[in-house]
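Let me begin by presenting the structure, written as structure tokens, before commenting on it.
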Amino acid sequence: MYTYQQHDDLRTTLATHGDMPMGKWSLFQLAYEAERQSLSQTFDELTCLSVLPAMVPYEHQVQTARRVIQELHGRALLADEVGLGKTIEAGLVLKEYVLRGLVKKALILVPASLVLQWTRELNEKFAIPAFAQRNAWSWTTYDILVASMDTTKREPHRAEVLSQEYDMVIVDEAHKLKNSKTRNWQLINQMRKKYLLLLTATPVQNDMKELYNLITLLRPGQLGNQTVFAKNHIQKNRQPKNPEVLRSMVQEVMVRNQRRQSSVEFTTRHVETITIELSAKERNLYIEVTEFIKEAYQKRKESHRSILSLITLQREICSSSYACMCTLETMMKDKRITIEEQLRLQELYHMAESIPSYSKVERVVDLVQQIQDKVIIFTEYRATQDFLLYMLQQSGIKAVLFRGGYKRGKKDWMKDLFEHRAQVLIATEAGGEGINLQFCNQVINFDLPWNPMRIEQRIGRVHRLGQTRPVYIRNFSTLGTIEEHIVSLLQDKIHMFESVIGELDVILGPKSFETDLMETFMTSQGQDEISARLTALSLRVRNIEMERTSP
Amino acid sequence: MTETVQRNLYDFCHRYFKHIGATILPSAYGTLTVELPRDIDKELTDRPFYWMWVDAMNETPPNTVLHLVFERSEVQPKDSGDLKPESMTPGCYRMQRILQSAKTHGMFAAAYEQAQVLSPFALFIAKVSFVSDLRQDFLESYAIDLRNFQIYGDVMNDLLHRDLRDDRPPAANVLPIAINMDQLFHIIYQCIELDVRVRDHSWAKDARNRLNSELNRLDAYYDSVLATSHLDAEQIASYAAERALRKAEILWRTEPKVEVRLTQMALVYLAQQPSDR
């Protein structure tokens, strides 16, 4: 039934002491008490709760840790919505295993910008002696190590990591493992590990297969093999089939807490639409560009060519004409386009160039001056970001940039500058990930991503545990453009900003929202049809949501 | 954190420092100021390079003084010298080092009851752990009567209430007995194994079932993957490696094990045989 192991170290130690026990009885008693204190008394209770130095975890976090340990047996996908404290849950699980003597060697893989933050939190909140990976020796020097995913997957680190056994591996921002062809995924797949925690708020971003790939890392075969999974659970348009069955299977490896179910009190959110009227010149450019995209869209659809750059262009023109200039330039260099198209693009480029001032940017400067508090401005595009920085500086407002590409030190530094020196942080989507900015309660969405999950990530940076003030969210909406529809869809129809949807993802099956929207915009005849089709889309989302909330 | 927890922590530390030979300096209520002897300092603070330097240079730095704070509400006077107050909680770094140090120093002992006629017993403390993907520990105590090798279980409760001292009472009549350590260890291990055998092992049964179902799922999965026809030799090899790895991980994680480790041993001279109260 069980294997029986006997450890002989006391006998060996005694032999080195001359084979006769000697020592003080008082110390013997203390040692006995010390030994008793470090016992795992039962299988059921979390022993770590009584020894956490400086923190009281929330109920849902304790529940999650308990469930991961007792029901999921230490291999789990922690998929709480943003801001509910997945880090804390992972810390609790790790601490519990460490206390029970089940984990000695652990590796925590996180984005580079979070290495120091994780190391600090594990030490301060959990009294877990974790170290940040610094060089090739770190792998063998420290038992509990926090390292950046990108460093780890490169040689010589990769080989070093693969040659070791880890009692526990934790991967933060695990949606980076969604593709089984990537080096990230393969690294985790090849590592030898006993317990494995994958942390992500968005286990599914575009495709049900992403969820499949994550779960295969945890428990291969949980969802059958790929063919079976695709046959049983994916419909043509990437909708899930048999969602009930799928959900119950997924629950055997996943914990997902939602804000509205958790007992945590969040501060209120105030959402406001800021409408902007384009100047005549801007308006002209917008119409011309949209016209161009529509034509190109049809042509490319017919010839089955990628429409990605068109989607980008369409979204950029909503953000700022400055942003779309880059893409126009790139498209001009594409050898496959005709002379006609080439000329057209050039014309558009010159139009964009000749625009003297941007209404949206002017509005943002006004707004920031009004708010007189820390503000985060989110945009999808680096060009917009640069331009915003320039314009804010021109108006005497201190602003800092934040991007996904920044190295870990720079990210920490930027966050620090924002907290202590600057008024505004201008972040791109990728940059928004994983940093906590609870000290700020003002968010401006200069443009909106066409992906609800990404919006949630944005807001989650600010509206999370630890935020003490109400949170103000302002969405920019340019009249008479597609942006107006997007804002109205996400804000008024799906109520994305008030209650957290956050569920368009798992199980409901995310269809590629982006492609869907593009299709709607491109093939609709006139504004009314767009409105009608978007309403239909939102109704579908609402219905599914209703179904899921009713018992 | 409750008051009693902190109180117990304080008591433990106070006793530890007293018995380990540290100098306890006057300190406010709920705090502990102690001067550490060099060897204890080495155990409680993690600075190997410092000690390397001290030893190499033949330096004699002043002893370290710790200022430990157990009561949170305690208001710290600003001018408590150069001492940095250190907040003590269960599980904090310093506490772990203290527990470890206590375990090391209290591993072995010899103690005497205060009476005229004393008989020798070998006292053993054993940690018995049931391990699968979870773990449950039991701390067991046994005493072996060295005259007739009779074994008494669960004796610590009794012994902790007796007046045992480090020094042999001057007038005591202690039976001299030759002790064969190997034999004693053999007996105690055998005894523990028998005791373990009769315990409730439904945990192991559960773990075994879980293990089997995990392995079955794994086999079903890889069999079906490998059955697909369009795999090349390289893919087959990589799936096979992956399968072996996952299997090893499941065994490593779930297989039920009983681990037995003796943690302490003492020779105790008792006036009366121990009872399991």
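Quick note on naming: the chains in the structure tokens go A, B, ... in the order shown, residues restart at 1 in each chain, and ligands are numbered from 1 in order of appearance.
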| task | Write out as number ranges by chain which residues come within 8 Å of segment 224-230 of chain A when counting only C-alpha atoms, dropping same-chain ones fewer than 5 positions away. | result | A: 212, 235; B: 221, 224-225
Output of the above residues as a compact mmCIF listing (two decimals), in the first residue's frame, restricted to N, CA, C and O atoms:
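This went into part_3.txt:
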# COMPACT_ATOMS: atom_id res chain seq x y z
N TYR A 212 -6.70 24.53 -23.93
CA TYR A 212 -6.26 23.14 -24.08
C TYR A 212 -4.76 23.03 -23.83
O TYR A 212 -4.31 22.15 -23.10
N GLN A 235 -16.77 24.38 -31.84
CA GLN A 235 -17.63 24.48 -33.00
C GLN A 235 -16.92 25.26 -34.07
O GLN A 235 -15.84 25.77 -33.89
N TYR B 221 -4.19 8.82 -22.79
CA TYR B 221 -3.89 10.00 -23.60
C TYR B 221 -2.74 9.72 -24.58
O TYR B 221 -2.87 9.91 -25.78
N SER B 224 -3.49 7.28 -27.34
CA SER B 224 -4.31 7.83 -28.43
C SER B 224 -3.50 8.81 -29.29
O SER B 224 -3.68 8.89 -30.49
N VAL B 225 -2.61 9.54 -28.64
CA VAL B 225 -1.78 10.46 -29.42
C VAL B 225 -0.85 9.68 -30.35
O VAL B 225 -0.70 9.97 -31.52
| field | All residues 12 Å or closer to Arg210 of chain B, only C-alpha atoms, same chain fewer than 4 positions away omitted, as a PyMOL selection string | value | (chain A and resi 71-73) or (chain B and resi 132-133+203-206+214-217+250-251+253-256)
| field | Distance filter 8 Å, only C-alpha atoms, chain A against chain B, as a PyMOL selection string | value | chain A and resi 1-11+19+21-32+34-36+39-43+50-53+69-70+73-74+100+102+127+189-190+192-195+220-222+224-225
Given the selection you just returned, output its residues as a file containing N, CA and C atoms, formatted as a short mmCIF file (atom, residue, chain, number, x, y, z; two decimals), in the first residue's frame.
data_model
loop_
_atom_site.label_atom_id
_atom_site.label_comp_id
_atom_site.auth_asym_id
_atom_site.auth_seq_id
_atom_site.Cartn_x
_atom_site.Cartn_y
_atom_site.Cartn_z
N MET A 1 0.83 -1.21 0.00
CA MET A 1 0.00 0.00 0.00
C MET A 1 0.86 1.27 0.00
N TYR A 2 1.89 1.24 0.86
CA TYR A 2 2.79 2.39 0.89
C TYR A 2 4.24 1.90 0.94
N THR A 3 5.15 2.77 0.52
CA THR A 3 6.55 2.42 0.70
C THR A 3 7.02 2.98 2.03
N TYR A 4 7.93 2.27 2.66
CA TYR A 4 8.33 2.61 4.01
C TYR A 4 9.79 3.06 4.00
N GLN A 5 10.01 4.29 4.45
CA GLN A 5 11.39 4.81 4.43
C GLN A 5 11.83 5.19 5.83
N GLN A 6 13.03 4.75 6.15
CA GLN A 6 13.55 4.99 7.47
C GLN A 6 14.80 5.84 7.35
N HIS A 7 14.84 6.96 8.07
CA HIS A 7 16.01 7.83 7.95
C HIS A 7 16.92 7.64 9.15
N ASP A 8 18.16 7.41 8.89
CA ASP A 8 19.08 6.97 9.93
C ASP A 8 19.98 8.07 10.45
N ASP A 9 19.65 9.33 10.16
CA ASP A 9 20.64 10.37 10.46
C ASP A 9 20.91 10.56 11.95
N LEU A 10 19.92 10.27 12.79
CA LEU A 10 20.17 10.45 14.23
C LEU A 10 21.25 9.48 14.71
N ARG A 11 21.18 8.27 14.21
CA ARG A 11 22.19 7.26 14.57
C ARG A 11 23.58 7.72 14.14
N ASP A 19 28.78 8.23 20.64
CA ASP A 19 27.84 7.14 20.89
C ASP A 19 27.17 7.15 22.26
N PRO A 21 24.50 9.63 24.42
CA PRO A 21 23.77 10.90 24.43
C PRO A 21 24.11 11.74 25.65
N MET A 22 24.48 12.99 25.38
CA MET A 22 24.76 13.92 26.46
C MET A 22 24.14 15.25 26.09
N GLY A 23 23.79 16.03 27.09
CA GLY A 23 23.23 17.34 26.79
C GLY A 23 22.23 17.73 27.85
N LYS A 24 21.75 18.97 27.75
CA LYS A 24 20.88 19.48 28.79
C LYS A 24 19.43 19.07 28.54
N TRP A 25 18.76 18.69 29.60
CA TRP A 25 17.36 18.28 29.51
C TRP A 25 16.47 19.47 29.08
N SER A 26 16.84 20.65 29.54
CA SER A 26 16.03 21.83 29.19
C SER A 26 16.06 22.06 27.68
N LEU A 27 17.23 21.85 27.09
CA LEU A 27 17.32 22.03 25.64
C LEU A 27 16.60 20.92 24.90
N PHE A 28 16.65 19.73 25.49
CA PHE A 28 15.92 18.60 24.90
C PHE A 28 14.43 18.92 24.83
N GLN A 29 13.93 19.50 25.90
CA GLN A 29 12.50 19.88 25.93
C GLN A 29 12.19 20.94 24.88
N LEU A 30 13.07 21.93 24.78
CA LEU A 30 12.86 22.98 23.77
C LEU A 30 12.86 22.39 22.36
N ALA A 31 13.79 21.48 22.15
CA ALA A 31 13.86 20.86 20.82
C ALA A 31 12.59 20.09 20.52
N TYR A 32 12.09 19.41 21.55
CA TYR A 32 10.85 18.65 21.38
C TYR A 32 9.70 19.59 21.02
N ALA A 34 10.00 22.55 19.64
CA ALA A 34 10.28 23.08 18.30
C ALA A 34 9.83 22.08 17.24
N GLU A 35 10.14 20.83 17.50
CA GLU A 35 9.77 19.76 16.57
C GLU A 35 8.25 19.69 16.44
N ARG A 36 7.59 19.83 17.57
CA ARG A 36 6.12 19.73 17.56
C ARG A 36 5.48 20.90 16.82
N LEU A 39 5.16 20.53 12.89
CA LEU A 39 4.48 19.37 12.32
C LEU A 39 3.34 19.78 11.39
N SER A 40 3.10 18.99 10.39
CA SER A 40 1.85 19.14 9.65
C SER A 40 0.84 18.26 10.37
N GLN A 41 0.02 18.90 11.17
CA GLN A 41 -0.84 18.11 12.06
C GLN A 41 -1.86 17.27 11.32
N THR A 42 -2.52 17.88 10.35
CA THR A 42 -3.56 17.13 9.65
C THR A 42 -3.37 17.30 8.16
N PHE A 43 -4.09 16.47 7.43
CA PHE A 43 -4.09 16.63 5.98
C PHE A 43 -4.93 17.84 5.57
N SER A 50 -1.42 30.45 10.31
CA SER A 50 -1.06 30.96 11.62
C SER A 50 0.35 31.54 11.65
N VAL A 51 1.10 31.33 10.60
CA VAL A 51 2.48 31.80 10.66
C VAL A 51 2.80 32.90 9.64
N LEU A 52 1.79 33.44 9.00
CA LEU A 52 2.08 34.51 8.06
C LEU A 52 2.48 35.75 8.83
N PRO A 53 3.61 36.32 8.51
CA PRO A 53 4.15 37.40 9.33
C PRO A 53 3.34 38.69 9.26
N ILE A 69 -4.62 22.71 -3.02
CA ILE A 69 -3.83 21.70 -2.33
C ILE A 69 -4.62 20.41 -2.14
N GLN A 70 -5.89 20.54 -1.75
CA GLN A 70 -6.62 19.33 -1.39
C GLN A 70 -7.35 18.66 -2.55
N HIS A 73 -4.61 18.83 -5.98
CA HIS A 73 -3.35 18.16 -5.68
C HIS A 73 -2.13 18.88 -6.24
N GLY A 74 -2.18 20.18 -6.18
CA GLY A 74 -0.96 20.94 -6.45
C GLY A 74 -0.63 21.20 -7.90
N ARG A 100 5.07 22.22 5.07
CA ARG A 100 4.84 20.79 5.23
C ARG A 100 6.01 19.96 4.75
N LEU A 102 7.06 19.62 1.83
CA LEU A 102 6.85 18.97 0.54
C LEU A 102 7.54 19.72 -0.60
N ALA A 127 7.34 35.46 4.29
CA ALA A 127 8.58 35.01 4.90
C ALA A 127 9.12 33.77 4.19
N ASN A 189 6.99 22.40 -20.48
CA ASN A 189 6.64 21.00 -20.74
C ASN A 189 7.81 20.07 -20.43
N GLN A 190 9.03 20.55 -20.69
CA GLN A 190 10.18 19.67 -20.51
C GLN A 190 10.75 19.70 -19.10
N ARG A 192 11.16 19.14 -15.20
CA ARG A 192 10.75 18.10 -14.27
C ARG A 192 10.25 18.75 -12.99
N LYS A 193 8.95 18.60 -12.73
CA LYS A 193 8.38 19.32 -11.59
C LYS A 193 7.28 18.50 -10.94
N LYS A 194 7.15 18.67 -9.63
CA LYS A 194 6.13 17.92 -8.90
C LYS A 194 4.83 18.70 -8.90
N TYR A 195 4.87 19.91 -8.41
CA TYR A 195 3.68 20.76 -8.40
C TYR A 195 3.85 21.86 -9.43
N PRO A 220 -1.87 16.20 -18.78
CA PRO A 220 -2.12 15.79 -20.16
C PRO A 220 -3.25 14.78 -20.20
N GLY A 221 -4.15 14.97 -21.14
CA GLY A 221 -5.23 14.02 -21.27
C GLY A 221 -6.49 14.43 -20.54
N GLN A 222 -6.40 15.47 -19.72
CA GLN A 222 -7.58 15.93 -18.98
C GLN A 222 -8.72 16.26 -19.95
N GLY A 224 -8.77 15.06 -23.12
CA GLY A 224 -8.64 14.15 -24.25
C GLY A 224 -7.51 14.61 -25.16
N ASN A 225 -7.29 13.93 -26.26
CA ASN A 225 -6.26 14.43 -27.16
C ASN A 225 -6.84 15.52 -28.05
#
| task | From the DSSP assignment of the backbone, select every residue of segment 385-460 of chain A that is strand (DSSP E), and format the answer as a VMD selection string. | result | chain A and resid 399 to 402 424 to 428 442 to 445
| query | Which residues come within 10 Å of Pro120 of chain B, counting only C-alpha atoms, excluding same-chain residues fewer than 3 positions away, as a ChimeraX atom specification? | reply | /B:111-112,123,143-147,174-177,267-271,273
Write to file, as an mmCIF file, in the first residue's frame, the residues of the selection just made, with N, CA, C and O atoms.
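Dumped to part-v9.cif:
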data_model
loop_
_atom_site.group_PDB
_atom_site.id
_atom_site.type_symbol
_atom_site.label_atom_id
_atom_site.label_comp_id
_atom_site.auth_asym_id
_atom_site.auth_seq_id
_atom_site.Cartn_x
_atom_site.Cartn_y
_atom_site.Cartn_z
ATOM 1 N N ALA B 111 19.485 12.820 31.587
ATOM 2 C CA ALA B 111 18.799 13.500 32.689
ATOM 3 C C ALA B 111 18.438 12.513 33.799
ATOM 4 O O ALA B 111 18.277 11.316 33.552
ATOM 5 N N TYR B 112 18.327 13.067 34.976
ATOM 6 C CA TYR B 112 18.099 12.230 36.155
ATOM 7 C C TYR B 112 16.904 12.732 36.936
ATOM 8 O O TYR B 112 16.745 13.946 37.125
ATOM 9 N N LEU B 123 15.288 7.121 25.822
ATOM 10 C CA LEU B 123 14.106 7.851 25.359
ATOM 11 C C LEU B 123 14.314 8.242 23.892
ATOM 12 O O LEU B 123 15.355 8.799 23.533
ATOM 13 N N ALA B 143 10.009 5.005 25.322
ATOM 14 C CA ALA B 143 11.098 4.791 26.275
ATOM 15 C C ALA B 143 11.373 3.287 26.353
ATOM 16 O O ALA B 143 10.439 2.484 26.432
ATOM 17 N N ILE B 144 12.646 2.931 26.290
ATOM 18 C CA ILE B 144 13.002 1.514 26.405
ATOM 19 C C ILE B 144 13.686 1.300 27.762
ATOM 20 O O ILE B 144 14.657 1.989 28.096
ATOM 21 N N ASP B 145 13.122 0.414 28.511
ATOM 22 C CA ASP B 145 13.736 0.069 29.794
ATOM 23 C C ASP B 145 15.001 -0.728 29.500
ATOM 24 O O ASP B 145 14.939 -1.799 28.887
ATOM 25 N N LEU B 146 16.157 -0.209 29.953
ATOM 26 C CA LEU B 146 17.406 -0.830 29.536
ATOM 27 C C LEU B 146 17.727 -2.108 30.317
ATOM 28 O O LEU B 146 18.650 -2.832 29.989
ATOM 29 N N ARG B 147 16.934 -2.385 31.370
ATOM 30 C CA ARG B 147 17.197 -3.620 32.108
ATOM 31 C C ARG B 147 16.548 -4.809 31.408
ATOM 32 O O ARG B 147 17.095 -5.885 31.346
ATOM 33 N N VAL B 174 22.560 4.376 40.986
ATOM 34 C CA VAL B 174 22.245 4.198 39.571
ATOM 35 C C VAL B 174 22.771 2.860 39.087
ATOM 36 O O VAL B 174 23.933 2.535 39.268
ATOM 37 N N LEU B 175 21.897 2.069 38.528
ATOM 38 C CA LEU B 175 22.299 0.758 38.042
ATOM 39 C C LEU B 175 23.238 0.902 36.851
ATOM 40 O O LEU B 175 22.895 1.551 35.867
ATOM 41 N N PRO B 176 24.409 0.345 36.934
ATOM 42 C CA PRO B 176 25.308 0.422 35.783
ATOM 43 C C PRO B 176 24.897 -0.628 34.755
ATOM 44 O O PRO B 176 24.659 -1.775 35.079
ATOM 45 N N ILE B 177 24.765 -0.183 33.508
ATOM 46 C CA ILE B 177 24.321 -1.111 32.472
ATOM 47 C C ILE B 177 25.098 -0.842 31.195
ATOM 48 O O ILE B 177 25.299 0.310 30.809
ATOM 49 N N LEU B 267 19.157 9.662 27.391
ATOM 50 C CA LEU B 267 19.215 8.647 28.436
ATOM 51 C C LEU B 267 18.573 9.253 29.663
ATOM 52 O O LEU B 267 19.002 10.312 30.127
ATOM 53 N N VAL B 268 17.515 8.626 30.150
ATOM 54 C CA VAL B 268 16.896 9.193 31.343
ATOM 55 C C VAL B 268 16.912 8.147 32.463
ATOM 56 O O VAL B 268 16.674 6.963 32.227
ATOM 57 N N TYR B 269 17.217 8.631 33.663
ATOM 58 C CA TYR B 269 17.254 7.745 34.818
ATOM 59 C C TYR B 269 16.041 8.046 35.659
ATOM 60 O O TYR B 269 15.897 9.163 36.166
ATOM 61 N N LEU B 270 15.140 7.053 35.741
ATOM 62 C CA LEU B 270 13.838 7.327 36.346
ATOM 63 C C LEU B 270 13.638 6.520 37.622
ATOM 64 O O LEU B 270 14.158 5.409 37.765
ATOM 65 N N ALA B 271 12.864 7.103 38.510
ATOM 66 C CA ALA B 271 12.534 6.410 39.745
ATOM 67 C C ALA B 271 11.429 5.390 39.496
ATOM 68 O O ALA B 271 11.386 4.327 40.098
ATOM 69 N N GLN B 273 8.773 3.618 36.328
ATOM 70 C CA GLN B 273 8.610 3.459 34.886
ATOM 71 C C GLN B 273 7.624 4.502 34.351
ATOM 72 O O GLN B 273 6.720 4.922 35.072
#
| Close residues, segment 421-427 of chain A itself excluded, 9 Å, only C-alpha atoms, min 2 positions apart in chain, as a count of residues only | 34
| message | Show me, as number ranges by chain, the residues that have an atom within 7 Å of Val115 of chain A when counting only C-alpha atoms, minus same-chain residues fewer than 4 positions from it. | response | A: 110-111, 119, 132, 146-148
Neighbour list for Glu329 of chain A as a JSON list (two decimals) with all heavy atoms, in the first residue's frame, cut-off 12 Å, only C-alpha atoms, skip fewer than 6 positions in-chain:
[["chain", "number", "residue", "atom", "x", "y", "z"],
["A", 309, "SER", "N", -3.19, 43.87, -41.36],
["A", 309, "SER", "CA", -2.72, 45.25, -41.43],
["A", 309, "SER", "C", -3.89, 46.21, -41.61],
["A", 309, "SER", "O", -3.84, 47.36, -41.17],
["A", 309, "SER", "CB", -1.70, 45.41, -42.55],
["A", 309, "SER", "OG", -2.29, 45.10, -43.79],
["A", 313, "LEU", "N", -4.77, 49.29, -39.25],
["A", 313, "LEU", "CA", -4.94, 50.64, -39.78],
["A", 313, "LEU", "C", -6.27, 51.23, -39.32],
["A", 313, "LEU", "O", -6.35, 52.39, -38.89],
["A", 313, "LEU", "CB", -4.87, 50.59, -41.31],
["A", 313, "LEU", "CG", -4.84, 51.94, -42.01],
["A", 313, "LEU", "CD1", -3.61, 52.72, -41.58],
["A", 313, "LEU", "CD2", -4.84, 51.77, -43.52],
["A", 322, "TYR", "N", -1.72, 60.40, -36.30],
["A", 322, "TYR", "CA", -0.28, 60.24, -36.17],
["A", 322, "TYR", "C", 0.08, 58.75, -36.16],
["A", 322, "TYR", "O", 1.04, 58.32, -36.80],
["A", 322, "TYR", "CB", 0.18, 60.91, -34.88],
["A", 322, "TYR", "CG", 1.67, 61.02, -34.73],
["A", 322, "TYR", "CD1", 2.38, 61.96, -35.47],
["A", 322, "TYR", "CD2", 2.35, 60.21, -33.86],
["A", 322, "TYR", "CE1", 3.75, 62.08, -35.33],
["A", 322, "TYR", "CE2", 3.72, 60.32, -33.71],
["A", 322, "TYR", "CZ", 4.42, 61.26, -34.44],
["A", 322, "TYR", "OH", 5.77, 61.37, -34.30],
["A", 323, "ALA", "N", -0.73, 57.99, -35.44],
["A", 323, "ALA", "CA", -0.45, 56.56, -35.32],
["A", 323, "ALA", "C", -0.56, 55.84, -36.65],
["A", 323, "ALA", "O", 0.21, 54.93, -36.97],
["A", 323, "ALA", "CB", -1.40, 55.92, -34.31],
["A", 342, "GLN", "N", -0.72, 52.13, -54.33],
["A", 342, "GLN", "CA", 0.46, 52.87, -53.89],
["A", 342, "GLN", "C", 0.20, 54.37, -53.88],
["A", 342, "GLN", "O", 0.47, 55.07, -52.90],
["A", 342, "GLN", "CB", 1.60, 52.54, -54.85],
["A", 342, "GLN", "CG", 2.86, 53.33, -54.64],
["A", 342, "GLN", "CD", 3.85, 52.55, -53.79],
["A", 342, "GLN", "OE1", 3.88, 51.33, -53.84],
["A", 342, "GLN", "NE2", 4.62, 53.25, -52.99],
["A", 343, "LEU", "N", -0.35, 54.84, -54.98],
["A", 343, "LEU", "CA", -0.62, 56.27, -55.09],
["A", 343, "LEU", "C", -1.63, 56.71, -54.05],
["A", 343, "LEU", "O", -1.50, 57.75, -53.41],
["A", 343, "LEU", "CB", -1.15, 56.59, -56.50],
["A", 343, "LEU", "CG", -0.07, 56.52, -57.59],
["A", 343, "LEU", "CD1", -0.70, 56.68, -58.96],
["A", 343, "LEU", "CD2", 0.99, 57.59, -57.34],
["A", 344, "ARG", "N", -2.63, 55.86, -53.89],
["A", 344, "ARG", "CA", -3.68, 56.16, -52.94],
["A", 344, "ARG", "C", -3.11, 56.31, -51.52],
["A", 344, "ARG", "O", -3.42, 57.26, -50.81],
["A", 344, "ARG", "CB", -4.69, 55.01, -53.00],
["A", 344, "ARG", "CG", -5.94, 55.20, -52.19],
["A", 344, "ARG", "CD", -6.94, 56.12, -52.87],
["A", 344, "ARG", "NE", -8.07, 56.37, -52.03],
["A", 344, "ARG", "CZ", -9.08, 55.52, -51.88],
["A", 344, "ARG", "NH1", -9.10, 54.40, -52.58],
["A", 344, "ARG", "NH2", -10.07, 55.80, -51.08],
["A", 345, "LEU", "N", -2.24, 55.35, -51.20],
["A", 345, "LEU", "CA", -1.62, 55.38, -49.88],
["A", 345, "LEU", "C", -0.79, 56.64, -49.68],
["A", 345, "LEU", "O", -0.81, 57.25, -48.62],
["A", 345, "LEU", "CB", -0.74, 54.13, -49.68],
["A", 345, "LEU", "CG", -1.50, 52.82, -49.42],
["A", 345, "LEU", "CD1", -0.56, 51.63, -49.56],
["A", 345, "LEU", "CD2", -2.10, 52.83, -48.02],
["A", 346, "GLN", "N", -0.08, 56.99, -50.72],
["A", 346, "GLN", "CA", 0.75, 58.18, -50.63],
["A", 346, "GLN", "C", -0.10, 59.42, -50.36],
["A", 346, "GLN", "O", 0.22, 60.25, -49.52],
["A", 346, "GLN", "CB", 1.52, 58.38, -51.93],
["A", 346, "GLN", "CG", 3.00, 58.20, -51.72],
["A", 346, "GLN", "CD", 3.73, 58.01, -53.03],
["A", 346, "GLN", "OE1", 3.33, 58.58, -54.06],
["A", 346, "GLN", "NE2", 4.76, 57.21, -53.00],
["A", 347, "GLU", "N", -1.20, 59.46, -51.08],
["A", 347, "GLU", "CA", -2.12, 60.57, -50.92],
["A", 347, "GLU", "C", -2.62, 60.66, -49.47],
["A", 347, "GLU", "O", -2.61, 61.71, -48.85],
["A", 347, "GLU", "CB", -3.29, 60.33, -51.87],
["A", 347, "GLU", "CG", -4.17, 61.53, -52.12],
["A", 347, "GLU", "CD", -5.35, 61.07, -52.97],
["A", 347, "GLU", "OE1", -5.14, 60.27, -53.91],
["A", 347, "GLU", "OE2", -6.48, 61.48, -52.67],
["A", 348, "LEU", "N", -2.99, 59.47, -48.95],
["A", 348, "LEU", "CA", -3.48, 59.42, -47.57],
["A", 348, "LEU", "C", -2.41, 59.89, -46.60],
["A", 348, "LEU", "O", -2.67, 60.62, -45.65],
["A", 348, "LEU", "CB", -3.91, 57.99, -47.21],
["A", 348, "LEU", "CG", -5.16, 57.47, -47.91],
["A", 348, "LEU", "CD1", -5.37, 56.00, -47.57],
["A", 348, "LEU", "CD2", -6.38, 58.28, -47.51],
["A", 349, "TYR", "N", -1.18, 59.45, -46.88],
["A", 349, "TYR", "CA", -0.08, 59.80, -46.01],
["A", 349, "TYR", "C", 0.10, 61.32, -45.96],
["A", 349, "TYR", "O", 0.27, 61.91, -44.89],
["A", 349, "TYR", "CB", 1.21, 59.14, -46.51],
["A", 349, "TYR", "CG", 2.36, 59.29, -45.55],
["A", 349, "TYR", "CD1", 2.49, 58.43, -44.47],
["A", 349, "TYR", "CD2", 3.30, 60.30, -45.72],
["A", 349, "TYR", "CE1", 3.54, 58.55, -43.58],
["A", 349, "TYR", "CE2", 4.36, 60.44, -44.83],
["A", 349, "TYR", "CZ", 4.47, 59.56, -43.76],
["A", 349, "TYR", "OH", 5.50, 59.69, -42.88],
["A", 350, "HIS", "N", 0.04, 61.94, -47.12],
["A", 350, "HIS", "CA", 0.20, 63.39, -47.16],
["A", 350, "HIS", "C", -0.93, 64.10, -46.45],
["A", 350, "HIS", "O", -0.73, 65.09, -45.75],
["A", 350, "HIS", "CB", 0.31, 63.87, -48.61],
["A", 350, "HIS", "CG", 1.60, 63.45, -49.23],
["A", 350, "HIS", "ND1", 2.83, 63.65, -48.62],
["A", 350, "HIS", "CD2", 1.87, 62.81, -50.39],
["A", 350, "HIS", "CE1", 3.79, 63.16, -49.37],
["A", 350, "HIS", "NE2", 3.23, 62.63, -50.46],
["A", 352, "ALA", "N", -2.56, 62.93, -43.92],
["A", 352, "ALA", "CA", -2.32, 62.78, -42.49],
["A", 352, "ALA", "C", -1.25, 63.75, -42.02],
["A", 352, "ALA", "O", -1.37, 64.36, -40.95],
["A", 352, "ALA", "CB", -1.89, 61.34, -42.19],
["A", 353, "GLU", "N", -0.23, 63.87, -42.83],
["A", 353, "GLU", "CA", 0.88, 64.76, -42.49],
["A", 353, "GLU", "C", 0.44, 66.21, -42.30],
["A", 353, "GLU", "O", 0.94, 66.93, -41.46],
["A", 353, "GLU", "CB", 1.90, 64.71, -43.62],
["A", 353, "GLU", "CG", 3.25, 64.21, -43.20],
["A", 353, "GLU", "CD", 4.18, 64.19, -44.40],
["A", 353, "GLU", "OE1", 3.73, 64.49, -45.54],
["A", 353, "GLU", "OE2", 5.34, 63.89, -44.19]]
| request: From segment 19-212 of chain A, collect each residue whose DSSP state is alpha helix (DSSP H) and return the set as number ranges by chain. | output: A: 25-37, 59-70, 86-99, 115-126, 138-141, 149-152, 157-162, 183-190, 208-212
| said: If we count only C-alpha atoms and set the cut-off at 10 Å, which residues sit around Ile24 of chain B, ignoring sequence neighbours fewer than 2 positions away in its own chain? Please answer as a list of chain:residue names. | reply: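 Counting only the stated atoms, we get B:His14, B:Phe17, B:Lys18, B:Gly21, B:Ala22, B:Pro26, B:Ser27, B:Leu32, B:Thr33, B:Val34, B:Glu35, B:Leu36, B:Val65, B:Leu66.
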